[in-house]
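Novice: Below is query-v3.cif; it holds mmCIF, C-alpha atoms.
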```cif
data_input
#
loop_
_atom_site.label_atom_id
_atom_site.label_comp_id
_atom_site.auth_asym_id
_atom_site.auth_seq_id
_atom_site.Cartn_x
_atom_site.Cartn_y
_atom_site.Cartn_z
CA MET J 29 -20.37 2.83 -42.76
CA THR J 30 -21.75 -0.69 -42.93
CA THR J 31 -19.03 -2.42 -44.93
CA ARG J 32 -16.22 -0.71 -42.98
CA ARG J 33 -18.11 -0.72 -39.70
CA ASP J 34 -15.44 -2.26 -37.45
CA GLU J 35 -12.71 -0.04 -38.89
CA LEU J 36 -14.64 3.22 -38.52
CA ALA J 37 -15.95 2.36 -35.05
CA ALA J 38 -12.45 1.43 -33.85
CA ALA J 39 -11.03 4.71 -35.18
CA TRP J 40 -13.82 6.65 -33.44
CA ILE J 41 -13.25 4.89 -30.11
CA GLU J 42 -9.49 5.45 -30.34
CA VAL J 43 -9.89 9.22 -30.80
CA VAL J 44 -12.37 9.50 -27.91
CA SER J 45 -10.20 7.33 -25.66
CA GLN J 46 -7.17 9.54 -26.25
CA THR J 47 -9.19 12.70 -25.64
CA LEU J 48 -10.66 11.50 -22.34
CA ALA J 49 -7.20 10.36 -21.21
CA GLY J 50 -8.26 7.27 -19.30
CA ARG J 51 -11.01 9.00 -17.29
CA ILE J 52 -13.42 6.32 -18.44
CA SER J 53 -12.66 2.63 -18.89
CA ARG J 54 -12.01 1.35 -22.41
CA ALA J 55 -14.60 -1.41 -21.94
CA GLU J 56 -17.32 1.10 -21.01
CA LEU J 57 -16.34 3.35 -23.88
CA ASP J 58 -16.42 0.44 -26.34
CA GLN J 59 -19.91 -0.53 -25.25
CA GLU J 60 -21.28 3.03 -25.38
CA LEU J 61 -19.88 3.93 -28.78
CA HIS J 62 -20.56 0.55 -30.43
CA GLU J 63 -24.22 0.82 -29.36
CA LEU J 64 -24.34 4.39 -30.62
CA TYR J 65 -22.67 3.46 -33.91
CA ALA J 66 -25.10 0.60 -34.51
CA ALA J 67 -28.10 2.85 -33.78
CA LEU J 68 -26.71 5.55 -36.06
CA VAL J 69 -26.21 3.15 -38.95
CA GLU J 70 -29.74 1.79 -38.52
CA ALA J 71 -31.18 5.33 -38.42
CA LEU J 72 -29.27 6.28 -41.59
CA ARG J 73 -30.59 3.19 -43.34
CA ALA J 74 -34.19 3.78 -42.27
CA GLY J 75 -34.58 7.53 -42.01
CA GLY J 76 -31.88 9.33 -43.95
CA LEU J 77 -30.18 12.40 -42.52
CA ASP J 78 -32.97 14.03 -40.49
CA ALA J 79 -31.50 14.02 -36.96
CA SER J 80 -34.81 15.16 -35.46
CA GLY J 81 -36.85 12.43 -37.17
CA GLU J 82 -38.48 9.49 -35.47
CA HIS J 83 -35.91 7.07 -36.89
CA TYR J 84 -33.27 8.79 -34.73
CA THR J 85 -35.20 8.29 -31.48
CA GLU J 86 -32.84 5.57 -30.25
CA VAL J 87 -29.79 7.61 -31.24
CA ARG J 88 -31.05 10.61 -29.27
CA ALA J 89 -31.90 8.40 -26.29
CA LEU J 90 -28.37 6.94 -26.26
CA LEU J 91 -26.85 10.41 -26.53
CA ALA J 92 -29.04 11.68 -23.67
CA GLU J 93 -27.95 8.76 -21.49
CA LEU J 94 -24.30 9.33 -22.42
CA SER J 95 -24.67 13.02 -21.51
CA ARG J 96 -26.25 12.18 -18.13
CA ASN J 97 -23.44 9.74 -17.35
CA ARG J 98 -20.75 12.26 -18.29
CA ALA J 99 -22.42 14.97 -16.19
CA ARG J 100 -22.54 12.65 -13.14
CA GLN J 101 -18.89 11.72 -13.67
CA GLY J 102 -17.84 15.38 -13.65
CA PHE J 103 -16.83 15.76 -17.30
CA ARG J 104 -16.85 19.14 -19.01
CA PRO J 105 -19.26 19.91 -21.90
CA ALA J 106 -16.39 19.83 -24.42
CA GLU J 107 -15.24 16.44 -23.16
CA THR J 108 -18.77 15.15 -23.57
CA ALA J 109 -19.32 16.60 -27.03
CA VAL J 110 -16.08 15.10 -28.30
CA SER J 111 -17.63 11.66 -27.84
CA LEU J 112 -19.74 12.44 -30.89
CA PHE J 113 -17.70 15.01 -32.81
CA ALA J 114 -14.73 12.61 -32.88
CA LEU J 115 -16.78 10.46 -35.25
CA LYS J 116 -15.77 12.89 -37.98
CA ARG J 117 -12.16 11.79 -37.58
CA GLY J 118 -13.20 8.23 -38.21
CA LEU J 119 -15.34 9.23 -41.18
CA GLU J 120 -12.30 10.81 -42.84
CA ARG J 121 -11.39 7.28 -43.90
CA LEU J 122 -14.31 7.44 -46.32
CA LEU J 123 -12.25 9.89 -48.36
CA ASP J 124 -9.51 7.38 -49.18
CA ASP J 125 -10.10 7.41 -52.92
CA GLY J 126 -11.29 11.02 -53.03
CA SER J 127 -14.30 10.35 -55.25
CA ALA J 128 -17.03 12.98 -55.50
CA ASP J 129 -19.58 10.58 -54.01
CA ASP J 130 -17.38 9.91 -51.00
CA VAL J 131 -16.81 13.63 -50.43
CA ALA J 132 -20.56 14.31 -50.64
CA ALA J 133 -21.28 11.47 -48.21
CA TYR J 134 -18.65 12.74 -45.80
CA LEU J 135 -20.05 16.28 -45.85
CA ALA J 136 -23.61 15.03 -45.31
CA LEU J 137 -22.51 12.85 -42.39
CA SER J 138 -20.52 15.76 -40.94
CA ARG J 139 -23.62 17.96 -40.92
CA LEU J 140 -25.58 15.16 -39.25
CA THR J 141 -22.82 14.74 -36.66
CA ASP J 142 -22.91 18.47 -35.92
CA GLU J 143 -26.67 18.37 -35.32
CA LEU J 144 -26.39 15.37 -33.03
CA GLY J 145 -23.42 17.00 -31.30
CA MET J 146 -25.51 20.06 -30.47
CA PHE J 147 -28.23 17.76 -29.12
CA THR J 148 -25.58 16.15 -26.92
CA VAL J 149 -24.45 19.53 -25.58
CA ASP J 150 -28.06 20.52 -24.81
CA SER J 151 -28.67 17.19 -23.06
CA PHE J 152 -25.49 17.62 -21.02
CA ALA J 153 -26.52 21.13 -19.95
CA ALA J 154 -29.98 19.91 -18.90
CA SER J 155 -28.47 17.01 -16.95
CA ARG J 156 -25.95 19.29 -15.23
CA GLU J 157 -28.71 21.73 -14.23
CA GLN J 158 -30.76 18.87 -12.81
CA ILE J 159 -27.78 17.60 -10.82
CA ILE J 160 -27.01 21.09 -9.47
CA SER J 161 -30.66 21.60 -8.54
CA SER J 162 -30.77 18.27 -6.70
CA GLN J 163 -27.54 19.05 -4.86
CA ALA J 164 -28.85 22.48 -3.90
CA GLU J 165 -31.99 20.90 -2.43
CA GLU J 166 -29.90 18.38 -0.49
CA LEU J 167 -27.65 21.14 0.87
CA LEU J 168 -30.71 23.16 1.81
CA GLU J 169 -32.07 20.20 3.76
CA LEU J 170 -28.74 19.70 5.54
CA SER J 171 -28.38 23.41 6.34
CA THR J 172 -31.69 23.55 8.22
CA PRO J 173 -31.62 20.79 10.84
CA VAL J 174 -34.37 20.47 13.45
CA VAL J 175 -32.99 19.00 16.69
CA LYS J 176 -34.60 17.85 19.93
CA LEU J 177 -33.23 19.94 22.80
CA TRP J 178 -35.36 18.53 25.61
CA ASP J 179 -38.55 16.61 26.09
CA GLY J 180 -41.17 18.79 24.46
CA VAL J 181 -38.61 21.31 23.13
CA ILE J 182 -37.14 21.34 19.63
CA GLY J 183 -34.69 23.80 18.10
CA VAL J 184 -33.81 25.10 14.63
CA PRO J 185 -30.28 26.56 14.54
CA LEU J 186 -30.06 28.75 11.44
CA VAL J 187 -26.73 29.63 9.84
CA GLY J 188 -26.29 31.85 6.79
CA THR J 189 -28.73 33.82 4.68
CA LEU J 190 -32.43 33.20 5.18
CA ASP J 191 -34.45 33.51 1.97
CA SER J 192 -37.92 32.43 0.84
CA ALA J 193 -36.88 28.96 -0.33
CA ARG J 194 -34.96 28.19 2.84
CA THR J 195 -37.71 29.58 5.06
CA GLN J 196 -40.19 27.25 3.38
CA VAL J 197 -37.93 24.28 4.18
CA VAL J 198 -37.54 25.48 7.79
CA MET J 199 -41.29 25.82 8.18
CA GLU J 200 -42.04 22.39 6.72
CA LYS J 201 -39.39 20.61 8.79
CA LEU J 202 -40.33 22.47 11.95
CA LEU J 203 -44.05 21.68 11.64
CA GLN J 204 -43.35 18.04 10.81
CA GLU J 205 -41.08 17.70 13.83
CA LEU J 206 -43.73 19.27 16.06
CA VAL J 207 -46.15 16.60 14.85
CA ASP J 208 -43.64 13.75 15.17
CA THR J 209 -42.43 14.66 18.68
CA GLY J 210 -45.55 16.29 20.09
CA SER J 211 -43.40 19.19 21.27
CA ALA J 212 -45.05 22.28 22.73
CA HIS J 213 -42.06 24.60 22.32
CA ALA J 214 -39.85 25.43 19.36
CA ILE J 215 -36.74 27.61 19.45
CA ILE J 216 -35.58 29.32 16.27
CA ASP J 217 -31.98 30.35 16.85
CA ILE J 218 -30.63 33.01 14.47
CA THR J 219 -27.20 33.43 16.06
CA GLY J 220 -25.62 32.31 12.77
CA VAL J 221 -27.74 34.60 10.57
CA PRO J 222 -25.47 37.48 9.51
CA ALA J 223 -28.20 40.09 9.09
CA VAL J 224 -31.91 40.56 9.63
CA ASP J 225 -33.85 42.77 7.26
CA THR J 226 -37.56 43.23 6.66
CA GLU J 227 -37.77 40.16 4.41
CA VAL J 228 -35.97 37.90 6.90
CA ALA J 229 -38.17 39.18 9.72
CA GLN J 230 -41.31 38.45 7.71
CA HIS J 231 -40.07 34.92 7.04
CA LEU J 232 -39.50 34.38 10.77
CA LEU J 233 -42.93 35.74 11.64
CA LYS J 234 -44.62 33.41 9.15
CA THR J 235 -42.79 30.43 10.63
CA VAL J 236 -43.82 31.43 14.16
CA VAL J 237 -47.46 31.86 13.12
CA ALA J 238 -47.45 28.46 11.41
CA ALA J 239 -46.07 26.83 14.56
CA ARG J 240 -48.71 28.56 16.69
CA LEU J 241 -51.42 27.14 14.48
CA MET J 242 -50.01 23.74 15.41
CA GLY J 243 -50.40 24.62 19.10
CA ALA J 244 -46.71 25.27 19.80
CA GLU J 245 -45.02 28.31 21.31
CA CYS J 246 -42.09 29.69 19.30
CA ILE J 247 -39.12 31.50 20.78
CA VAL J 248 -36.63 33.41 18.64
CA SER J 249 -33.11 33.43 20.08
CA GLY J 250 -29.75 34.81 19.01
CA ILE J 251 -30.84 38.46 18.89
CA ARG J 252 -27.44 40.14 19.02
CA PRO J 253 -27.11 43.88 19.78
CA GLN J 254 -26.41 44.79 16.14
CA ILE J 255 -29.43 42.83 14.93
CA ALA J 256 -31.61 44.36 17.66
CA GLN J 257 -30.58 47.85 16.53
CA THR J 258 -31.35 46.97 12.90
CA ILE J 259 -34.78 45.61 13.81
CA VAL J 260 -35.61 48.79 15.73
CA ALA J 261 -34.31 51.02 12.94
CA LEU J 262 -36.43 49.18 10.37
CA GLY J 263 -39.49 49.46 12.56
CA ILE J 264 -40.06 45.71 12.55
CA GLU J 265 -42.63 44.60 15.12
CA PHE J 266 -42.31 41.12 16.59
CA GLY J 267 -45.49 41.65 18.59
CA ASP J 268 -45.94 39.15 21.42
CA ILE J 269 -43.32 36.73 20.07
CA VAL J 270 -40.83 35.80 22.79
CA THR J 271 -37.24 36.76 21.88
CA LYS J 272 -34.06 35.91 23.77
CA ALA J 273 -30.44 36.93 23.40
CA THR J 274 -29.03 33.38 23.50
CA LEU J 275 -30.13 29.82 22.88
CA ALA J 276 -29.50 29.04 26.55
CA ASP J 277 -31.90 31.80 27.60
CA ALA J 278 -34.51 30.50 25.19
CA LEU J 279 -34.15 26.94 26.49
CA ARG J 280 -34.52 28.12 30.11
CA HIS J 281 -37.69 29.98 29.14
CA ALA J 282 -39.09 26.94 27.35
CA LEU J 283 -38.35 24.65 30.30
CA ARG J 284 -39.91 27.14 32.72
CA ARG J 285 -43.04 27.31 30.56
CA SER J 286 -43.14 23.52 30.35
CA ALA J 287 -42.95 23.27 34.13
CA GLN J 288 -45.77 25.79 34.48
CA ARG J 289 -47.92 23.81 32.06
CA ALA J 290 -47.19 20.62 33.95
CA ALA J 291 -48.14 22.28 37.25
CA LEU J 292 -51.40 23.59 35.77
CA SER J 293 -52.22 20.15 34.42
CA VAL J 294 -51.66 18.59 37.85
CA GLY J 295 -53.83 21.29 39.46
CA ASP J 296 -56.63 20.75 36.99
CA ALA J 297 -56.49 17.00 37.56
CA ALA J 298 -56.67 17.48 41.33
#
```
Take the structure in this file and express it as structure tokens.
Specialist:
Amino acid sequence: MTTRRDELAAAWIEVVSQTLAGRISRAELDQELHELYAALVEALRAGGLDASGEHYTEVRALLAELSRNRARQGFRPAETAVSLFALKRGLERLLDDGSADDVAAYLALSRLTDELGMFTVDSFAASREQIISSQAEELLELSTPVVKLWDGVIGVPLVGTLDSARTQVVMEKLLQELVDTGSAHAIIDITGVPAVDTEVAQHLLKTVVAARLMGAECIVSGIRPQIAQTIVALGIEFGDIVTKATLADALRHALRRSAQRAALSVGDAA
């Protein structure tokens, strides 16, 4: 692999380039695989065929980086693994004279390639899971906006299913916005929530209690007739929490309460 380095590396790059069908530039592919080839040769020289040994640390690091790049670029696991498994095609040139030593070397290198290929697949899967997790968190943030409706009034329009993870995001964003804006009223609008069960109701109640601890009054709006019937049938108690049928009703209530507070403040000052 040292004396025929350029030949074997070129054959490897050619196979990978054909497989990926131009989805990655030839210059980038050349750089990636030449670096990987050089690291592999150095590891073979220093540490033998133990793919998990310390001498293969750089090889594994390069494969992990390659896997992360392929995952970000939207490649499939098979397309990523071929970047290493295609090395076997290049190594077939070692069998030119068919000597027993060459065959033994080829088989040993094939086993090493298989081990490193499995490491590449595992690295790709871990990178893909991390990307999906990050995207899910970003979508969760975008799906729970907190908006300013009026001076001293903020709103959280919820759309879709409300679960524990999303409720936690709603609570955190709502409380932070109460601090940032100094708002005294918060409206949680569930018009876009398809169904309310005991779990969803408990999530809403926790959010309302958390807002109250911050000194803000919470109003739940968007209670449609079907949802109202479900809440009654489940025996869910909202206690003294203010509920309104529409966001407009909730906003009117909040503005009325704000005006009453303002009037009380003026009276106290007088």
Novice: Step by step, work through what the PyMOL selection byres ((chain J and resi 281) around 12) selects in the shown file, and finish by giving those residues as a list in words.
Specialist: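 Written out, the selection comes to Val181, His213, Ala214, Ile215, Glu245, Cys246, Ile247, Val248, Ser249, Val270, Thr271, Lys272, Ala273, Thr274, Leu275, Ala276, Asp277, Ala278, Leu279, Arg280, Ala282, Leu283, Arg284, Arg285, Ser286, Ala287 and Gln288 of chain J.
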Novice: To verify the selection step, state as a PDB file with C-alpha atoms, keeping the file's coordinate frame which residues the PyMOL selection byres ((chain J and resi 39-43) around 7) yields on this input.
Specialist:
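Ended up saving to out35.pdb:
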```
ATOM      1  CA  GLU J  35     -12.710  -0.040 -38.890  1.00  0.00           C
ATOM      2  CA  LEU J  36     -14.640   3.220 -38.520  1.00  0.00           C
ATOM      3  CA  ALA J  37     -15.950   2.360 -35.050  1.00  0.00           C
ATOM      4  CA  ALA J  38     -12.450   1.430 -33.850  1.00  0.00           C
ATOM      5  CA  VAL J  44     -12.370   9.500 -27.910  1.00  0.00           C
ATOM      6  CA  SER J  45     -10.200   7.330 -25.660  1.00  0.00           C
ATOM      7  CA  GLN J  46      -7.170   9.540 -26.250  1.00  0.00           C
ATOM      8  CA  THR J  47      -9.190  12.700 -25.640  1.00  0.00           C
ATOM      9  CA  ASP J  58     -16.420   0.440 -26.340  1.00  0.00           C
ATOM     10  CA  LEU J  61     -19.880   3.930 -28.780  1.00  0.00           C
ATOM     11  CA  ALA J 114     -14.730  12.610 -32.880  1.00  0.00           C
ATOM     12  CA  LEU J 115     -16.780  10.460 -35.250  1.00  0.00           C
ATOM     13  CA  ARG J 117     -12.160  11.790 -37.580  1.00  0.00           C
ATOM     14  CA  GLY J 118     -13.200   8.230 -38.210  1.00  0.00           C
TER      15      GLY J 118
END
```
Novice: Between J:Ser127, J:Thr30, J:Gln196, J:Ser155, which is the closest to J:Val69 once you count all atoms listed in the file?
Specialist: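 Result for the nearest residue to J:Val69: J:Thr30.
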Novice: When distances are computed from only C-alpha atoms, which of J:Leu48, J:Asp150, J:Ile216, J:Glu86 shows the smallest separation from J:Leu72?
Specialist: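 Of all the options, J:Glu86 lies closest to J:Leu72.
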Novice: I want to know what sits within 10 Å of J:Gln101, based on all atoms listed in the file, with residues of the same chain fewer than 4 positions away left out; could you give that as a list in words?
Specialist: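 Here the answer would be Arg51, Ile52, Ser95, Arg96 and Asn97 of chain J.
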Novice: Counting only C-alpha atoms, select every polymer residue within 12 Å of (-39.4, 30.7, 1.7) as defined in the file's coordinates, and provide the selection as a PyMOL selection string.
Specialist: chain J and resi 168+189-200+227-235
Novice: Using all atoms listed in the file, find the one residue out of J:Gln257, J:Ser80, J:Ser138, J:Ser111 that sits nearest to J:Arg98.
Specialist: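 Of J:Gln257, J:Ser80, J:Ser138, J:Ser111, the one nearest J:Arg98 is J:Ser111, counting all atoms listed in the file.
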Novice: In Å, rounded to a single decimal, give me how far atom CA of J:Gln254 is from atom CA of J:Arg240.
Specialist: 27.6 Å
Novice: Is it possible to get the residues within 12 Å of (-51.5, 24.9, 15.1) (coordinates as in the file, counting all atoms listed in the file) written as JSON, numbers by chain?
Specialist: {"J": [202, 203, 204, 206, 207, 210, 211, 212, 213, 235, 236, 237, 238, 239, 240, 241, 242, 243, 244, 245, 246]}
Novice: Just the residues within 8 Å of J:Val149, please, counting only C-alpha atoms, with nothing from its chain fewer than 6 positions along; format it as a PyMOL selection string.
Specialist: chain J and resi 95+105+108-109
Novice: Go ahead and compute the interatomic distance for atom CA of J:Ile269 and atom CA of J:Ile251, in Å to one decimal.
Specialist: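 Atom-to-atom, atom CA of J:Ile269 to atom CA of J:Ile251, that is 12.7 Å.
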Novice: Report, in Å with one decimal, the straight-line distance from atom CA of J:Phe152 to atom CA of J:Ala99.
Specialist: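 The value is 6.3 Å.
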Novice: Neighbouring residues of J:Val87 were defined as those with any atom within 12 Å, considering all atoms listed in the file; residues of the same chain fewer than 6 positions away were excluded. Please report them as a PyMOL selection string.
Specialist: chain J and resi 60-72+75+78-81+93-94+112+140-141+143-145+147-148
